[in-house]
Structure formats: structure tokens, C-alpha cells
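Engineer: The structure file structure_14.csv (CSV, C-alpha atoms) is provided below.
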chain,number,residue,atom,x,y,z
L,1,MET,CA,25.0,117.4,201.9
L,2,LYS,CA,23.7,116.1,205.2
L,3,PRO,CA,20.1,115.7,206.4
L,4,ALA,CA,19.3,118.7,208.6
L,5,ARG,CA,15.8,118.3,209.8
L,6,LEU,CA,12.4,116.8,208.9
L,7,ARG,CA,9.5,119.0,208.2
L,8,GLU,CA,5.9,118.1,207.5
L,9,THR,CA,3.5,120.2,205.4
L,10,GLY,CA,0.1,118.8,205.0
L,11,ARG,CA,0.2,115.6,202.9
L,12,GLU,CA,3.9,115.8,202.2
L,13,CYS,CA,7.0,115.1,204.2
L,14,TYR,CA,10.6,115.8,203.3
L,15,ASN,CA,14.1,116.3,204.7
L,16,LEU,CA,15.6,119.8,204.6
L,17,VAL,CA,19.2,119.4,203.5
L,18,LYS,CA,21.8,122.1,203.9
L,19,THR,CA,24.0,122.5,200.8
L,20,LEU,CA,27.6,123.6,200.7
L,21,SER,CA,26.4,127.2,200.0
L,22,GLY,CA,24.5,127.1,203.3
L,23,LYS,CA,21.1,127.1,201.5
L,24,PHE,CA,18.5,124.6,202.6
L,25,VAL,CA,16.9,122.5,199.9
L,26,LYS,CA,14.2,119.8,200.0
L,27,LYS,CA,15.4,116.2,199.6
L,28,SER,CA,14.1,112.7,200.2
L,29,LEU,CA,10.6,113.6,199.3
L,30,LYS,CA,8.1,111.3,200.9
L,31,LEU,CA,4.7,111.4,199.3
L,32,GLU,CA,1.8,110.7,201.6
L,33,PRO,CA,-1.2,108.9,200.0
L,34,ASP,CA,-3.9,111.1,198.6
L,35,PRO,CA,-7.4,109.5,198.9
L,36,VAL,CA,-8.5,110.9,195.5
L,37,ILE,CA,-5.4,109.7,193.7
L,38,GLU,CA,-5.7,106.3,195.3
L,39,VAL,CA,-9.2,105.9,193.7
L,40,TYR,CA,-7.7,106.7,190.3
L,41,LYS,CA,-4.8,104.3,190.9
L,42,LYS,CA,-7.2,101.3,190.9
L,43,ASP,CA,-7.8,101.8,187.2
L,44,ILE,CA,-4.2,102.1,186.1
L,45,ASP,CA,-3.1,99.4,183.8
L,46,ARG,CA,0.1,98.1,185.5
L,47,THR,CA,0.9,95.7,182.6
L,48,LEU,CA,1.5,98.8,180.4
L,49,ILE,CA,3.8,100.3,183.0
L,50,ARG,CA,5.7,97.1,183.4
L,51,GLU,CA,6.2,96.8,179.6
L,52,ASN,CA,7.3,100.5,179.4
L,53,LEU,CA,9.8,100.0,182.2
L,54,LYS,CA,11.5,97.3,180.2
L,55,LEU,CA,12.3,99.9,177.5
L,56,SER,CA,15.2,102.5,177.4
L,57,VAL,CA,14.3,106.2,177.7
L,58,GLU,CA,15.0,106.5,173.9
L,59,GLU,CA,12.6,103.6,173.2
L,60,ARG,CA,9.9,105.2,175.3
L,61,LEU,CA,10.2,108.5,173.5
L,62,LEU,CA,10.2,106.7,170.1
L,63,LYS,CA,7.0,104.9,171.2
L,64,LEU,CA,5.5,108.3,172.1
L,65,MET,CA,6.2,109.6,168.6
L,66,GLU,CA,4.6,106.5,167.1
L,67,LEU,CA,1.6,107.1,169.3
L,68,GLN,CA,1.4,110.7,168.2
L,69,ARG,CA,1.6,109.7,164.5
L,70,PHE,CA,-1.3,107.3,165.1
L,71,ALA,CA,-3.4,109.9,166.9
L,72,THR,CA,-2.8,112.4,164.1
L,73,GLU,CA,-3.8,109.8,161.5
L,74,LEU,CA,-7.0,109.0,163.5
L,75,ARG,CA,-7.9,112.7,163.6
L,76,ARG,CA,-7.3,113.0,159.9
L,77,ALA,CA,-9.5,109.9,159.2
L,78,GLY,CA,-12.2,111.4,161.4
L,79,ARG,CA,-12.2,114.7,159.5
L,80,GLU,CA,-12.4,112.8,156.2
L,81,MET,CA,-15.4,110.8,157.5
L,82,ARG,CA,-17.2,113.9,158.6
L,83,LYS,CA,-16.6,115.6,155.3
L,84,THR,CA,-18.1,112.6,153.2
L,85,SER,CA,-21.0,111.9,155.5
E,1,MET,CA,3.4,116.5,165.2
E,2,THR,CA,6.2,117.2,167.7
E,3,ASP,CA,9.8,116.3,166.8
E,4,PHE,CA,10.9,115.4,170.4
E,5,LYS,CA,14.3,114.4,169.2
E,6,GLY,CA,14.8,117.7,167.3
E,7,LEU,CA,13.6,119.8,170.2
E,8,LEU,CA,15.9,118.1,172.7
E,9,ARG,CA,18.8,118.4,170.3
E,10,THR,CA,18.1,122.1,169.6
E,11,LEU,CA,18.1,122.8,173.4
E,12,SER,CA,21.0,120.5,174.3
E,13,GLU,CA,23.6,121.1,171.6
E,14,PRO,CA,24.2,124.8,172.4
E,15,GLY,CA,24.6,123.8,176.1
E,16,ILE,CA,21.3,125.4,177.3
E,17,GLU,CA,20.7,124.6,180.9
E,18,PHE,CA,17.2,123.2,181.2
E,19,ILE,CA,15.2,120.4,183.1
E,20,LEU,CA,12.6,118.3,181.3
E,21,VAL,CA,9.3,118.4,183.2
E,22,GLY,CA,5.7,117.6,182.3
E,23,GLY,CA,4.4,114.9,180.0
E,24,VAL,CA,7.7,114.1,178.2
E,25,ALA,CA,9.4,113.7,181.6
E,26,ALA,CA,6.6,111.3,182.6
E,27,VAL,CA,7.1,109.3,179.4
E,28,ALA,CA,10.9,109.2,180.1
E,29,HIS,CA,10.0,107.7,183.5
E,30,GLY,CA,7.7,105.1,181.9
E,31,SER,CA,4.3,106.7,181.5
E,32,ALA,CA,2.2,105.4,178.6
E,33,ARG,CA,0.2,108.6,178.2
E,34,LEU,CA,0.2,110.6,175.1
E,35,THR,CA,1.6,114.2,175.2
E,36,GLN,CA,1.9,116.8,172.5
E,37,ASP,CA,4.4,119.3,173.8
E,38,VAL,CA,7.7,119.5,175.5
E,39,ASP,CA,7.8,121.3,178.8
E,40,VAL,CA,11.2,122.5,180.2
E,41,VAL,CA,12.3,124.7,183.0
E,42,TYR,CA,15.2,126.8,181.9
E,43,ARG,CA,17.8,128.6,183.9
E,44,ARG,CA,17.3,132.4,183.9
E,45,THR,CA,20.8,133.5,183.6
E,46,LYS,CA,22.0,136.1,181.1
E,47,ASP,CA,24.1,133.5,179.3
E,48,ASN,CA,21.4,130.9,179.2
E,49,ILE,CA,18.8,133.3,177.9
E,50,ALA,CA,21.2,134.4,175.1
E,51,LYS,CA,21.7,130.7,174.1
E,52,LEU,CA,17.9,130.1,174.2
E,53,ALA,CA,17.2,133.2,172.0
E,54,THR,CA,19.8,132.0,169.4
E,55,ALA,CA,18.9,128.3,169.5
E,56,LEU,CA,15.2,128.9,168.7
E,57,ALA,CA,15.6,131.9,166.4
E,58,ASP,CA,15.4,129.9,163.2
E,59,LYS,CA,12.6,127.6,164.5
E,60,THR,CA,9.9,130.2,164.0
E,61,PRO,CA,8.9,130.5,167.7
E,62,TYR,CA,5.5,132.1,168.2
E,63,LEU,CA,3.0,132.4,171.1
E,64,ARG,CA,0.7,129.4,171.0
E,65,GLY,CA,-3.0,130.3,170.7
E,66,ALA,CA,-2.2,133.9,169.9
E,67,PRO,CA,-3.7,135.4,166.7
E,68,PRO,CA,-1.3,135.6,163.8
E,69,GLY,CA,0.5,138.9,163.1
E,70,LEU,CA,1.2,140.0,166.7
E,71,PRO,CA,4.5,141.9,167.0
E,72,PHE,CA,6.1,139.1,168.9
E,73,ARG,CA,9.9,139.1,168.8
E,74,TRP,CA,11.9,136.1,170.0
E,75,ASP,CA,15.0,137.7,171.4
E,76,GLN,CA,16.9,138.0,174.7
E,77,GLU,CA,14.9,141.1,175.7
E,78,SER,CA,11.5,139.3,175.3
E,79,ILE,CA,12.8,136.3,177.3
E,80,ARG,CA,14.2,138.5,180.0
E,81,ARG,CA,10.9,140.5,180.3
E,82,GLY,CA,8.8,137.4,180.4
E,83,LEU,CA,9.0,134.2,182.4
E,84,ASN,CA,6.9,131.3,181.0
E,85,PHE,CA,6.4,131.0,177.3
E,86,THR,CA,4.0,128.5,175.6
E,87,LEU,CA,5.4,128.4,172.0
E,88,THR,CA,4.7,126.8,168.7
E,89,THR,CA,7.9,126.1,166.8
E,90,ASP,CA,8.8,124.4,163.5
E,91,LEU,CA,9.7,121.3,165.6
E,92,GLY,CA,6.5,121.3,167.6
E,93,ASP,CA,5.0,122.8,170.7
E,94,LEU,CA,7.5,123.9,173.4
E,95,ASP,CA,6.7,125.3,176.9
E,96,LEU,CA,9.7,127.2,178.2
E,97,LEU,CA,9.1,127.8,181.9
E,98,GLY,CA,11.0,130.0,184.2
E,99,GLU,CA,9.2,128.6,187.2
E,100,ILE,CA,6.6,126.0,188.0
E,101,THR,CA,4.1,125.7,190.8
E,102,GLY,CA,5.4,123.7,193.7
E,103,GLY,CA,8.8,123.4,192.2
E,104,GLY,CA,10.2,126.9,191.7
E,105,GLY,CA,12.9,127.7,189.2
E,106,TYR,CA,15.9,125.8,187.7
E,107,GLU,CA,18.1,126.2,190.8
E,108,GLU,CA,15.4,124.7,193.1
E,109,LEU,CA,14.7,121.8,190.7
E,110,LEU,CA,18.3,120.9,189.9
E,111,PRO,CA,18.8,118.8,193.1
E,112,HIS,CA,15.7,116.8,192.1
E,113,SER,CA,16.8,116.1,188.6
E,114,VAL,CA,18.4,113.1,186.9
E,115,VAL,CA,20.4,112.9,183.7
E,116,ILE,CA,18.7,110.9,180.9
E,117,ARG,CA,20.2,109.8,177.6
E,118,ALA,CA,18.3,109.5,174.4
E,119,PHE,CA,19.2,110.0,170.7
E,120,GLY,CA,22.8,110.5,171.6
E,121,ILE,CA,21.7,113.5,173.8
E,122,GLU,CA,22.2,113.9,177.5
E,123,CYS,CA,19.7,116.1,179.3
E,124,ARG,CA,18.3,116.7,182.8
E,125,CYS,CA,14.9,115.4,183.7
E,126,LEU,CA,12.9,116.0,186.9
E,127,ASP,CA,13.1,112.9,189.0
E,128,LEU,CA,10.0,110.8,189.5
E,129,PRO,CA,9.1,111.7,193.2
E,130,HIS,CA,9.5,115.4,192.4
E,131,LEU,CA,7.5,115.2,189.2
E,132,ILE,CA,4.7,113.7,191.2
E,133,HIS,CA,5.2,116.5,193.8
E,134,VAL,CA,4.9,119.3,191.3
E,135,LYS,CA,1.9,117.7,189.5
E,136,ARG,CA,0.2,117.4,192.9
E,137,ALA,CA,1.0,121.0,193.7
E,138,ALA,CA,-0.4,122.2,190.4
E,139,GLY,CA,-3.8,120.9,191.6
E,140,ARG,CA,-5.3,120.5,188.2
E,141,PRO,CA,-8.2,117.9,188.0
E,142,ARG,CA,-7.0,116.7,184.6
E,143,ASP,CA,-3.7,115.6,186.2
E,144,LEU,CA,-5.3,113.2,188.7
E,145,GLU,CA,-5.0,110.2,186.4
E,146,ALA,CA,-1.5,111.1,185.3
E,147,ILE,CA,-0.4,111.4,189.0
E,148,ALA,CA,-2.0,108.0,189.8
E,149,GLU,CA,0.0,106.5,186.9
E,150,LEU,CA,3.2,108.2,188.0
E,151,GLU,CA,2.7,106.9,191.6
E,152,ALA,CA,2.1,103.4,190.2
E,153,ILE,CA,5.3,103.7,188.3
E,154,LEU,CA,7.2,104.8,191.4
E,155,HIS,CA,5.7,101.8,193.2
E,156,GLU,CA,6.8,99.4,190.4
E,157,LYS,CA,10.3,100.9,190.5
E,158,THR,CA,10.8,100.9,194.2
E,159,GLY,CA,8.6,98.1,195.2
E,160,ASP,CA,7.2,100.3,198.1
E,161,GLN,CA,4.1,99.0,199.7
E,162,GLU,CA,0.9,101.0,198.9
In C-alpha cells, how does this file's structure come out?
Structural biologist:
Amino acid sequence: MKPARLRETGRECYNLVKTLSGKFVKKSLKLEPDPVIEVYKKDIDRTLIRENLKLSVEERLLKLMELQRFATELRRAGREMRKTS
Amino acid sequence: MTDFKGLLRTLSEPGIEFILVGGVAAVAHGSARLTQDVDVVYRRTKDNIAKLATALADKTPYLRGAPPGLPFRWDQESIRRGLNFTLTTDLGDLDLLGEITGGGGYEELLPHSVVIRAFGIECRCLDLPHLIHVKRAAGRPRDLEAIAELEAILHEKTGDQE
């Protein structure tokens, strides 16, 4: 595939690439900053991201399952508490 | 609770063509956010639809949020007549999507996917820039924080200046 032409649509910019079948597909997507998302980005905990990036995909999914178990247990405990109070 | 490993295995072992999108794809890329369901875009070919129908048949698929007792049949005909299915299964919630906003169908997403390996399974996952692109295109306010996190991950991975 070779880059064919650059097209800009609003906040996004990408290369249109011609495939072997002659069809054009979007490639090399370049994301332009969105001011609203930039505001949210300030509160993102980058230490969590850096720790996650040290893990393999499998380890990340296992961590997600652990987190899900924890959330389920918290919900159960909350229900119990409401029942007894 | 969702059995992510079981769902991925159920879809991968029969050779179903699908691309992981949504929250689980975000976790695969490094997101720390909790997600409950597995979202996949499946290829809408006759052969792939047949494989999907067979693979999930014994997992009690049912329309999520629908009242019990509806005459819902999980078979090739139902999949062919529908497009996007939000299902509950014995393994957890599964969203089978024929198309997604800003991304299109399987064929359009394929050039923007990467192969990931987990639990001895190989499957396709939407790449990070395109995952951000489709989440932006969906335009849901609840996704704003998730998009911000994904963009921060992209920055961490590529070292691009913000």
C-alpha cells in the first residue's frame, strides 16, 4: 500500500491509502487535540498508565478480572449493609 | 462477572473473524478502567455468521435488558436479519457489532487492527489511534474521560508532544 493523498475532515487528519484491490482506506490517523478532552486529560493518573504498560496484555486482562471481582464484592457488601440497617 | 478468557476462547477457537473494540480493547492497550462487557465487531459473511451461531448456541445468548420469555432464537437467520446484538451469555455480557460509528464494519476496521495474544489465544484488537477515533466519533459524554486516558496512553507509548 502506498500513501495516496492527505485529507482533512474537521479535527482529524489522515492519509487515504490505495489497497491492492483499488479501494481507498484511511491510514496513519493523526488525531488533532480536542479542547474538551485536553481538560479531562489533566486529571488522568499517568502513574497507573505507566504501571499498566509494563504488563503483558494477558496480565492486563487478569487485572481487569480481579477488579471486576472486587467491584462485585463491594456491591454485595453494600446490599448486605442496606439490608441490615 | 464476565469470563473474558472464556468469551475470547469461544470466539477464537472456531476461527470466527472478529475485532476486539470498546473497553476490553482499551484495557489490552493499557487502560486502567473497569469494564463489564466484551465488545467485538464481527465479519458479516455467511460462513462467519454460521460459526457465530454455533459457537454461542450453548452459552444461552439472550438480548440484554429484554424481558424474559421473548421468542428470541440465536441462529444464523437472526444474526443475518440483525446487525448489532447486545447479549447476555453464560460467560458474561457480549456485544456483537456488525458496524460501529466512525469505524464501519469488519473490513473497514481490519487495516486498523493489531494481533494480541492472551491466555494462549490470538485475536485481533482495534489499534490505539483508531480506538480513540471511534470513541471520539461516537460522541458520548461518558466516553470523554476514557478518551483522555487513551490519548494519554498513546502519548506514553509514542512519546509524542502534547
Engineer: Residues at most 12 Å from Glu51 in chain L, counting only C-alpha atoms, excluding those fewer than 2 positions away in the same chain, as a list of chain:residue names?
Structural biologist: L:Asp45, L:Arg46, L:Thr47, L:Leu48, L:Ile49, L:Leu53, L:Lys54, L:Leu55, L:Ser56, L:Glu59, L:Arg60, L:Lys63, E:Gly30, E:Ser31, E:Ala32, E:Ile153, E:Glu156
Engineer: Within 10 Å of chain L, which residues of chain E show up when using all atoms listed in the file, listed as JSON, numbers by chain?
Structural biologist: {"E": [1, 2, 3, 4, 5, 24, 25, 27, 28, 29, 30, 31, 32, 33, 34, 35, 36, 107, 108, 109, 111, 112, 116, 117, 118, 119, 120, 121, 129, 130, 132, 133, 136, 143, 144, 145, 146, 147, 148, 149, 150, 151, 152, 153, 156, 157, 162]}
Engineer: Quote the spacing between CA of Ala26 in chain E and CA of Asp47 in chain E in Å to one decimal place.
Structural biologist: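 CA of Ala26 in chain E sits 28.5 Å away from CA of Asp47 in chain E.
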Engineer: Tell me, as a PyMOL selection string, which residues lie within 8 Å of Leu97 in chain E, counting all atoms listed in the file; anything in the same chain fewer than 6 positions away does not count.
Structural biologist: chain E and resi 39-42+83-85
Engineer: Would you list the contacts of Tyr62 in chain E as a list in words, taking every protein, DNA or RNA residue within 10 Å and counting only C-alpha atoms, but skipping same-chain residues closer than 3 positions in sequence?
Structural biologist: Lys59, Gly65, Ala66, Pro67, Pro68, Gly69, Leu70, Pro71, Phe72, Arg73, Trp74, Phe85, Thr86, Leu87, Thr88, Thr89, Asp90, Asp93 and Leu94 of chain E
Engineer: Quick one, how far is CA of Glu122 in chain E from CA of Val38 in chain E?
Structural biologist: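 The value is 15.7 Å.
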Engineer: Write a file for range 68-138 of chain E of the given structure; include C-alpha atoms and format it as a CSV table (one decimal), in the first residue's frame.
Structural biologist:
chain,number,residue,atom,x,y,z
E,68,PRO,CA,-37.6,-12.8,29.9
E,69,GLY,CA,-39.6,-15.1,27.8
E,70,LEU,CA,-39.3,-13.3,24.4
E,71,PRO,CA,-39.2,-15.6,21.4
E,72,PHE,CA,-35.6,-14.9,20.7
E,73,ARG,CA,-33.8,-17.5,18.7
E,74,TRP,CA,-30.0,-17.5,18.4
E,75,ASP,CA,-29.4,-18.8,14.9
E,76,GLN,CA,-27.9,-17.8,11.5
E,77,GLU,CA,-31.2,-16.3,10.4
E,78,SER,CA,-31.5,-14.0,13.5
E,79,ILE,CA,-27.9,-12.8,13.1
E,80,ARG,CA,-28.4,-12.3,9.3
E,81,ARG,CA,-31.6,-10.2,9.9
E,82,GLY,CA,-30.0,-8.1,12.7
E,83,LEU,CA,-26.7,-6.2,12.9
E,84,ASN,CA,-25.7,-5.2,16.4
E,85,PHE,CA,-26.6,-7.6,19.3
E,86,THR,CA,-26.1,-6.7,23.0
E,87,LEU,CA,-26.3,-10.1,24.6
E,88,THR,CA,-26.0,-11.8,28.0
E,89,THR,CA,-24.4,-15.2,27.9
E,90,ASP,CA,-23.3,-17.8,30.4
E,91,LEU,CA,-19.8,-16.3,30.1
E,92,GLY,CA,-20.9,-12.7,30.6
E,93,ASP,CA,-22.1,-9.8,28.6
E,94,LEU,CA,-21.1,-9.7,24.9
E,95,ASP,CA,-21.8,-7.0,22.3
E,96,LEU,CA,-21.6,-8.4,18.8
E,97,LEU,CA,-21.5,-5.5,16.5
E,98,GLY,CA,-21.8,-5.6,12.7
E,99,GLU,CA,-20.8,-1.9,12.5
E,100,ILE,CA,-19.6,0.9,14.7
E,101,THR,CA,-20.0,4.6,14.5
E,102,GLY,CA,-17.0,6.2,12.9
E,103,GLY,CA,-15.4,2.9,12.1
E,104,GLY,CA,-17.7,0.9,9.9
E,105,GLY,CA,-17.7,-2.8,9.6
E,106,TYR,CA,-15.1,-5.5,9.9
E,107,GLU,CA,-13.5,-4.9,6.5
E,108,GLU,CA,-13.0,-1.2,7.2
E,109,LEU,CA,-11.6,-1.8,10.7
E,110,LEU,CA,-9.2,-4.7,9.7
E,111,PRO,CA,-6.4,-2.4,8.4
E,112,HIS,CA,-6.5,-0.6,11.8
E,113,SER,CA,-6.3,-3.7,13.9
E,114,VAL,CA,-3.4,-5.5,15.6
E,115,VAL,CA,-3.0,-9.1,16.7
E,116,ILE,CA,-2.9,-9.5,20.5
E,117,ARG,CA,-2.0,-12.7,22.4
E,118,ALA,CA,-3.5,-13.6,25.8
E,119,PHE,CA,-4.4,-17.0,27.5
E,120,GLY,CA,-2.8,-18.8,24.6
E,121,ILE,CA,-5.3,-17.2,22.2
E,122,GLU,CA,-4.5,-14.8,19.3
E,123,CYS,CA,-7.1,-12.3,18.3
E,124,ARG,CA,-7.5,-9.0,16.5
E,125,CYS,CA,-7.9,-5.8,18.5
E,126,LEU,CA,-8.5,-2.3,17.2
E,127,ASP,CA,-5.3,-0.3,17.3
E,128,LEU,CA,-5.0,2.5,19.7
E,129,PRO,CA,-5.3,5.5,17.4
E,130,HIS,CA,-8.4,4.0,15.8
E,131,LEU,CA,-9.9,3.1,19.1
E,132,ILE,CA,-9.6,6.8,20.0
E,133,HIS,CA,-11.0,7.8,16.7
E,134,VAL,CA,-14.1,5.6,17.0
E,135,LYS,CA,-14.7,6.7,20.6
E,136,ARG,CA,-14.5,10.3,19.5
E,137,ALA,CA,-16.9,9.6,16.6
E,138,ALA,CA,-19.4,8.0,19.0
